[in-house]
Amino acid sequence: MHRPSLTLACLAVSSSVALAQGTAADYARAESLAVRAPHTVVNAVNQTNWIGRTTWVWYRKTTATGTAYVLLDAEQHERRPAFDQARLAASLTAMLKHPVSADSLPLGNLTFTDDRTAIQFSPDSVRWRCTLADYKCAPSPPAGGQGVGRDFGGGLYGALPNDNVPPRVSPDSQWEATVRNFNVYIRRVGAKDGFFLSSDGSDGNAYAARSIAWSPDSKRIAAYRVRPGFRREVYYVESSPEDQLQPKHSSRLYNKPGDVLDVEQPMLFELATKHQIVVDNALFPNAYDMTPLEWRKDGRAVVFEYNQRGHQVYRVIEIDAVSGKTRAVIDEQSPTFYEYSGKHFRYDIADGREIVWMSERDGWNHLYLYDGLRGKVKQQITKGPWVVRGVEKVDTLARQIWFQASGMYAGKDPYFVHSYRINFDGSGLTAMTDADAMHNVSYSADMKYFVDIWSRVDQPPVFELRRTSDRSLVMEVERTDASALYALGWKPPEVFVSKGRDGKTDIWGVIIRPTNFDPARKYPVVENIYAGPHGSFVPKTFSSAQLGMQQIADLGFIVVQIDGMGTSNRSKAFHDVAWKNLADAGFPDRILWHKAVAAKYPYYDIERVGIYGTSAGGQSSMGALLFHPEFYKVAVSAAGCHDNRMDKIWWNEQWMGEIGPHYAASSNVDNAYKLRGKLLLIVGEMDRNVDPSSTLQVANALIKAKKTFDLLVIPGADHTSGGEYGDRKRWDFFVHNLLAVEPPDRNTLGVVMAGSASPPAK
């Protein structure tokens, strides 16, 4: 095999030098891209925020040297620097005791006071406040109040309930309620002694203090009594801690599919009579989660949302405050899954007498107007073969809804998000945006103006200020200049569309070619896969954030990304392909898409196809070699949830439902014996997202099946694709196995690879 010689001098090699694929020049070009690409796209606005209820906007944009912060006066149509960045950097340098650059200020969670005289931000774990008259900065006092968290049920990872909360004071300020000896305890504010409202709480079935909710008239209390479920722990050994020689061990609570969860039982109490009202649980017999108890403003009922285990039933339930009888105000049922995690919206009008509700019940994600008293649909507000992507505002006076949607324009990219307005009765649908692009819209508090950032993969972002009343353009605020990026030889991805497995549905993807692309050559293909059903992932906006894919392409590959069936933001039928079948990962659509590209472009070599992914993409990339080895030949799988029974409960039960034989059918562990092709597994030993044992168990299964594979464990790493070292191993693995070229011997050359972007992770 050919062994290229890579030296530091190669980092300056131009794109015209490489005569073959996987050469030293290709590596040099790919590695140096991380150094050359930053700051080549200027005036790209990457964050906008309206200031309070004013008509001022602050935004952040790229410059040739870093980042600039700007204020926009929507009324006067004027821009100016948001503050003196050099003075702020000097102040922060003194306060933080380390150098701070004016071009890269650490202004996380930045906010302005309404009068724009001060800012607050979080450069680290501390919130800071700086006055802009003198640039004096100091830690900001923590916000007061104690929020009510959703600590009932399993939680994301099974966190233990935290009942170390102050007593709940009644609305009339006369009483306070807490939990003592596992029961609800009441006393007058300021009094030493009080009385118990309940007596049925116990160590294994206690009332949760954080769940206590007073009625508006201070006459009743609602609370959950909670029977704890199984507290599963995931265990870790940190082999190489920074602060000591010996390893450390730790654990964290982490619910997995099939685990027994907390059982929450709502109870009502009348203060005057000390009467306890037992609530029948017939409408919520098998909860995955139940939301905090909310009183109707007139005190007639208590409301909560019930998410049934398996995610096929979701209800909005009201408890009558006097009788304790329950009724389902909204009863959402699906033969597959109700997507509570990404397509859920509820807005109560007139104390719940009407409700705006989101549902996929007609096969597309739409909005409905409910009669909240009768529990019946009054009106389907939005309708058609397109999807609502989010709600910005419900105007109860004008009876209008401002929302985002995609897929409304036939023949256009169905993933482009536009903004719209519609009346409650479904009339008056009005598009607020018009450019054929992906739109990011934000309205002023008075809805008089909106700002719109729009772009495509081949169109640098444009930032506009528009008037809401007639959608007219007030001013073009910024237009991105990407000329320096193009000068590097970079070209935007090509958008490519082909038909899916049904022969009718369009499957969308992008193609990224090397900067020194030569159509006379034959290029192996590398697919970047992320098939998580919780979203869609093919880039839709202009960004050099595809840097990681471009670097791989510059080694001598064509790199692609595709949204196959089973991902989100299309029809319910498109999405349902994932139901109890995460192993599918849209592969039948992906393979047809690849073949369609190859039919158009002779240089696209589908005899040499590799694939890589992280997290859910790690599961899918290995799955490509198990379930479709006739097509995929090489895979790099990082931080994979290789068996969905080993991964977090909330994500896996959402798509796979309750435990059953379908989990084994989708398991890379149970199917490891099927491996064909070349596989590299990467895992961080301290992965707190996906249990790292998932990767080690699939490695164990491969060893038992006498399969050959590579394994890279990153000491101390969390959920990761491997960082710079993992990127290097991924590159080398594809170069060696798809190009048949020996990668550089960095042990001899002593070259440290420049940083590069990593793929997304769940």
# chains A, B, ... in the order shown; residues from 1 in each chain; ligands from 1

$ residues_around --residues "Leu369 of chain A" --least-positions-apart "2" --cutoff "9 Å" --atoms "only C-alpha atoms" --output "PDB file with N, CA and C atoms, in the first residue's frame"
ATOM      1  N   GLU A 354     -62.053  27.040  26.171  1.00  0.00           N
ATOM      2  CA  GLU A 354     -61.579  26.654  24.847  1.00  0.00           C
ATOM      3  C   GLU A 354     -60.105  26.278  24.975  1.00  0.00           C
ATOM      4  N   ILE A 355     -59.652  25.411  24.107  1.00  0.00           N
ATOM      5  CA  ILE A 355     -58.262  24.969  24.140  1.00  0.00           C
ATOM      6  C   ILE A 355     -57.749  24.843  22.716  1.00  0.00           C
ATOM      7  N   VAL A 356     -56.572  25.415  22.467  1.00  0.00           N
ATOM      8  CA  VAL A 356     -55.869  25.158  21.213  1.00  0.00           C
ATOM      9  C   VAL A 356     -54.966  23.957  21.451  1.00  0.00           C
ATOM     10  N   TRP A 357     -55.081  22.966  20.584  1.00  0.00           N
ATOM     11  CA  TRP A 357     -54.401  21.690  20.790  1.00  0.00           C
ATOM     12  C   TRP A 357     -53.719  21.245  19.503  1.00  0.00           C
ATOM     13  N   LEU A 367     -53.299  22.041  14.131  1.00  0.00           N
ATOM     14  CA  LEU A 367     -53.887  22.681  15.303  1.00  0.00           C
ATOM     15  C   LEU A 367     -55.406  22.528  15.284  1.00  0.00           C
ATOM     16  N   ASP A 371     -63.693  22.660  22.415  1.00  0.00           N
ATOM     17  CA  ASP A 371     -64.628  23.117  23.435  1.00  0.00           C
ATOM     18  C   ASP A 371     -64.199  22.430  24.724  1.00  0.00           C
ATOM     19  N   GLY A 372     -63.596  23.189  25.621  1.00  0.00           N
ATOM     20  CA  GLY A 372     -63.028  22.595  26.821  1.00  0.00           C
ATOM     21  C   GLY A 372     -64.065  22.126  27.815  1.00  0.00           C
ATOM     22  N   LYS A 376     -64.968  18.408  23.195  1.00  0.00           N
ATOM     23  CA  LYS A 376     -65.201  18.113  21.786  1.00  0.00           C
ATOM     24  C   LYS A 376     -64.445  19.110  20.913  1.00  0.00           C
ATOM     25  N   VAL A 377     -64.045  18.664  19.705  1.00  0.00           N
ATOM     26  CA  VAL A 377     -63.397  19.559  18.750  1.00  0.00           C
ATOM     27  C   VAL A 377     -64.440  20.505  18.162  1.00  0.00           C
ATOM     28  N   LYS A 378     -64.183  21.793  18.263  1.00  0.00           N
ATOM     29  CA  LYS A 378     -65.048  22.785  17.638  1.00  0.00           C
ATOM     30  C   LYS A 378     -64.649  23.051  16.199  1.00  0.00           C
ATOM     31  N   GLN A 379     -63.315  23.019  15.963  1.00  0.00           N
ATOM     32  CA  GLN A 379     -62.819  23.420  14.647  1.00  0.00           C
ATOM     33  C   GLN A 379     -61.408  22.883  14.454  1.00  0.00           C
ATOM     34  N   GLN A 380     -61.152  22.274  13.309  1.00  0.00           N
ATOM     35  CA  GLN A 380     -59.765  22.020  12.933  1.00  0.00           C
ATOM     36  C   GLN A 380     -59.247  23.315  12.332  1.00  0.00           C
ATOM     37  N   ILE A 381     -58.234  23.897  12.972  1.00  0.00           N
ATOM     38  CA  ILE A 381     -57.784  25.238  12.582  1.00  0.00           C
ATOM     39  C   ILE A 381     -56.913  25.171  11.334  1.00  0.00           C
ATOM     40  N   PHE A 424     -58.905  31.561  14.247  1.00  0.00           N
ATOM     41  CA  PHE A 424     -59.323  30.376  14.994  1.00  0.00           C
ATOM     42  C   PHE A 424     -60.233  29.469  14.175  1.00  0.00           C
ATOM     43  N   ASP A 425     -61.032  30.058  13.273  1.00  0.00           N
ATOM     44  CA  ASP A 425     -61.968  29.250  12.496  1.00  0.00           C
ATOM     45  C   ASP A 425     -61.342  28.657  11.239  1.00  0.00           C
TER      46      ASP A 425
END

$ residues_around --residues "Arg389 of chain A" --least-positions-apart "6" --cutoff "10 Å" --atoms "only C-alpha atoms" --output "JSON, numbers by chain"
{"A": [342, 343, 365, 366, 403, 404, 405, 406, 415, 417, 418, 419, 569]}

$ residues_around --residues "Gly324 of chain A" --least-positions-apart "2" --cutoff "12 Å" --atoms "only C-alpha atoms" --output "list in words"
Arg220, Ala222, Pro266, Met267, Leu268, Phe269, Glu270, His275, Gln276, Ile277, Val278, Val279, Asp280, Asn281, Arg300, Ala301, Val302, Val303, Ile317, Glu318, Ile319, Asp320, Ala321, Val322, Thr326 and Arg327 of chain A

$ write_last_selection --atoms "N, CA and C atoms" --output "CSV table (one decimal), in the first residue's frame"
chain,number,residue,atom,x,y,z
A,220,ARG,N,-59.0,24.9,49.1
A,220,ARG,CA,-58.7,23.5,48.7
A,220,ARG,C,-57.2,23.3,48.4
A,222,ALA,N,-54.5,20.5,46.2
A,222,ALA,CA,-54.3,19.3,45.4
A,222,ALA,C,-52.9,18.9,45.6
A,266,PRO,N,-53.2,11.6,42.3
A,266,PRO,CA,-53.6,12.9,42.8
A,266,PRO,C,-54.7,12.8,43.9
A,267,MET,N,-54.6,13.7,44.8
A,267,MET,CA,-55.6,13.8,45.9
A,267,MET,C,-56.0,15.2,46.1
A,268,LEU,N,-57.3,15.4,46.5
A,268,LEU,CA,-57.8,16.7,46.8
A,268,LEU,C,-58.2,16.8,48.3
A,269,PHE,N,-58.1,18.0,48.9
A,269,PHE,CA,-58.4,18.2,50.3
A,269,PHE,C,-59.2,19.5,50.4
A,270,GLU,N,-60.2,19.4,51.3
A,270,GLU,CA,-61.0,20.7,51.7
A,270,GLU,C,-60.5,21.1,53.0
A,275,HIS,N,-61.6,17.4,54.8
A,275,HIS,CA,-62.1,16.2,54.0
A,275,HIS,C,-61.1,15.9,52.9
A,276,GLN,N,-60.8,14.6,52.8
A,276,GLN,CA,-59.9,14.1,51.7
A,276,GLN,C,-60.8,13.5,50.6
A,277,ILE,N,-60.5,14.0,49.4
A,277,ILE,CA,-61.3,13.5,48.2
A,277,ILE,C,-60.4,12.5,47.4
A,278,VAL,N,-60.8,11.3,47.4
A,278,VAL,CA,-60.0,10.3,46.7
A,278,VAL,C,-60.4,10.3,45.2
A,279,VAL,N,-59.4,10.4,44.3
A,279,VAL,CA,-59.6,10.5,42.9
A,279,VAL,C,-59.5,9.2,42.2
A,280,ASP,N,-60.5,8.8,41.4
A,280,ASP,CA,-60.5,7.5,40.7
A,280,ASP,C,-59.4,7.6,39.6
A,281,ASN,N,-58.6,6.6,39.5
A,281,ASN,CA,-57.5,6.6,38.5
A,281,ASN,C,-57.8,5.8,37.2
A,300,ARG,N,-62.9,25.5,39.8
A,300,ARG,CA,-63.9,24.5,39.6
A,300,ARG,C,-63.3,23.1,39.5
A,301,ALA,N,-62.0,23.1,39.1
A,301,ALA,CA,-61.3,21.8,38.7
A,301,ALA,C,-59.8,21.9,38.8
A,302,VAL,N,-59.2,20.8,38.9
A,302,VAL,CA,-57.8,20.6,38.8
A,302,VAL,C,-57.4,19.9,37.5
A,303,VAL,N,-56.4,20.4,36.8
A,303,VAL,CA,-56.1,19.8,35.5
A,303,VAL,C,-54.6,19.3,35.5
A,317,ILE,N,-56.7,15.8,31.6
A,317,ILE,CA,-57.7,15.3,32.5
A,317,ILE,C,-58.1,16.4,33.5
A,318,GLU,N,-59.3,16.6,33.7
A,318,GLU,CA,-59.8,17.5,34.7
A,318,GLU,C,-60.4,16.7,35.9
A,319,ILE,N,-60.1,17.2,37.1
A,319,ILE,CA,-60.7,16.6,38.3
A,319,ILE,C,-61.7,17.6,38.9
A,320,ASP,N,-62.9,17.2,39.1
A,320,ASP,CA,-63.9,18.1,39.7
A,320,ASP,C,-63.5,18.4,41.1
A,321,ALA,N,-63.5,19.7,41.5
A,321,ALA,CA,-62.9,20.0,42.8
A,321,ALA,C,-63.8,19.6,43.9
A,322,VAL,N,-65.1,19.4,43.7
A,322,VAL,CA,-66.0,19.0,44.8
A,322,VAL,C,-66.2,17.5,44.9
A,326,THR,N,-63.4,12.5,37.5
A,326,THR,CA,-62.5,12.9,36.4
A,326,THR,C,-63.1,12.8,35.1
A,327,ARG,N,-62.6,13.6,34.2
A,327,ARG,CA,-63.1,13.5,32.8
A,327,ARG,C,-61.9,13.8,31.9

$ residues_around --residues "Leu702 of chain A" --least-positions-apart "2" --cutoff "10 Å" --atoms "only C-alpha atoms" --output "list in words"
Asn668, Val669, Asp670, Asn671, Ala672, Tyr673, Lys674, Leu675, Leu696, Gln697, Val698, Ala699, Asn700, Lys704, Ala705, Lys706, Lys707, Thr708 and Phe709 of chain A

$ write_last_selection --atoms "N, CA and C atoms" --output "CSV table (one decimal), in the first residue's frame"
chain,number,residue,atom,x,y,z
A,668,ASN,N,-28.3,-4.2,18.0
A,668,ASN,CA,-27.0,-4.5,17.4
A,668,ASN,C,-26.3,-5.6,18.2
A,669,VAL,N,-26.6,-5.7,19.4
A,669,VAL,CA,-26.0,-6.8,20.3
A,669,VAL,C,-26.5,-8.1,19.8
A,670,ASP,N,-27.8,-8.3,19.8
A,670,ASP,CA,-28.4,-9.6,19.4
A,670,ASP,C,-28.1,-9.9,18.0
A,671,ASN,N,-27.9,-9.0,17.1
A,671,ASN,CA,-27.6,-9.2,15.7
A,671,ASN,C,-26.1,-9.1,15.4
A,672,ALA,N,-25.3,-9.0,16.4
A,672,ALA,CA,-23.8,-8.8,16.1
A,672,ALA,C,-23.2,-9.9,15.3
A,673,TYR,N,-23.8,-11.1,15.4
A,673,TYR,CA,-23.2,-12.2,14.6
A,673,TYR,C,-23.4,-12.1,13.1
A,674,LYS,N,-24.2,-11.1,12.7
A,674,LYS,CA,-24.4,-10.9,11.2
A,674,LYS,C,-23.4,-9.9,10.6
A,675,LEU,N,-22.4,-9.4,11.4
A,675,LEU,CA,-21.5,-8.4,10.9
A,675,LEU,C,-20.7,-8.9,9.7
A,696,LEU,N,-19.7,-1.6,25.0
A,696,LEU,CA,-18.9,-2.8,25.4
A,696,LEU,C,-19.6,-4.1,25.3
A,697,GLN,N,-20.9,-4.0,25.4
A,697,GLN,CA,-21.7,-5.3,25.3
A,697,GLN,C,-21.8,-5.7,23.8
A,698,VAL,N,-21.8,-4.7,22.9
A,698,VAL,CA,-21.8,-5.1,21.5
A,698,VAL,C,-20.4,-5.6,21.1
A,699,ALA,N,-19.4,-5.1,21.7
A,699,ALA,CA,-18.0,-5.6,21.5
A,699,ALA,C,-17.9,-7.0,22.0
A,700,ASN,N,-18.5,-7.3,23.1
A,700,ASN,CA,-18.5,-8.6,23.7
A,700,ASN,C,-19.2,-9.6,22.8
A,704,LYS,N,-17.6,-12.9,20.9
A,704,LYS,CA,-18.2,-14.2,21.0
A,704,LYS,C,-18.5,-14.8,19.6
A,705,ALA,N,-18.9,-13.9,18.7
A,705,ALA,CA,-19.2,-14.4,17.3
A,705,ALA,C,-18.0,-14.5,16.5
A,706,LYS,N,-16.8,-14.2,17.1
A,706,LYS,CA,-15.5,-14.3,16.4
A,706,LYS,C,-15.4,-13.4,15.2
A,707,LYS,N,-15.9,-12.2,15.4
A,707,LYS,CA,-15.9,-11.2,14.4
A,707,LYS,C,-14.7,-10.2,14.6
A,708,THR,N,-14.1,-9.7,13.5
A,708,THR,CA,-13.0,-8.8,13.6
A,708,THR,C,-13.6,-7.3,13.5
A,709,PHE,N,-13.1,-6.5,14.4
A,709,PHE,CA,-13.6,-5.1,14.5
A,709,PHE,C,-12.5,-4.3,15.3

$ closest_residue --among "A:Ala90, A:Leu473, A:Ala635, A:Val462" --to "Phe450 of chain A" --atoms "only C-alpha atoms"
A:Leu473

$ closest_residue --among "A:Ala82, A:Val263, A:Leu105, A:Ala435" --to "Ala206 of chain A" --atoms "only C-alpha atoms"
A:Val263

$ closest_residue --among "A:Pro167, A:Pro539, A:Pro519, A:Gly716" --to "Val495 of chain A" --atoms "only C-alpha atoms"
A:Pro539

$ select_by_dssp --residues "segment 81-280 of chain A" --states "helix (DSSP H, G or I)" --output "list of chain:residue names"
A:Gln85, A:Ala86, A:Arg87, A:Leu88, A:Ala89, A:Ala90, A:Ser91, A:Leu92, A:Thr93, A:Ala94, A:Met95, A:Leu96, A:Ala209, A:Arg210, A:Ser211

$ residues_around --residues "Gln550 of chain A" --least-positions-apart "6" --cutoff "12 Å" --atoms "only C-alpha atoms" --output "ChimeraX atom specification"
/A:26-27,29-34,37,488-493,510-517,526-528,543-544,556-561,731,756-759
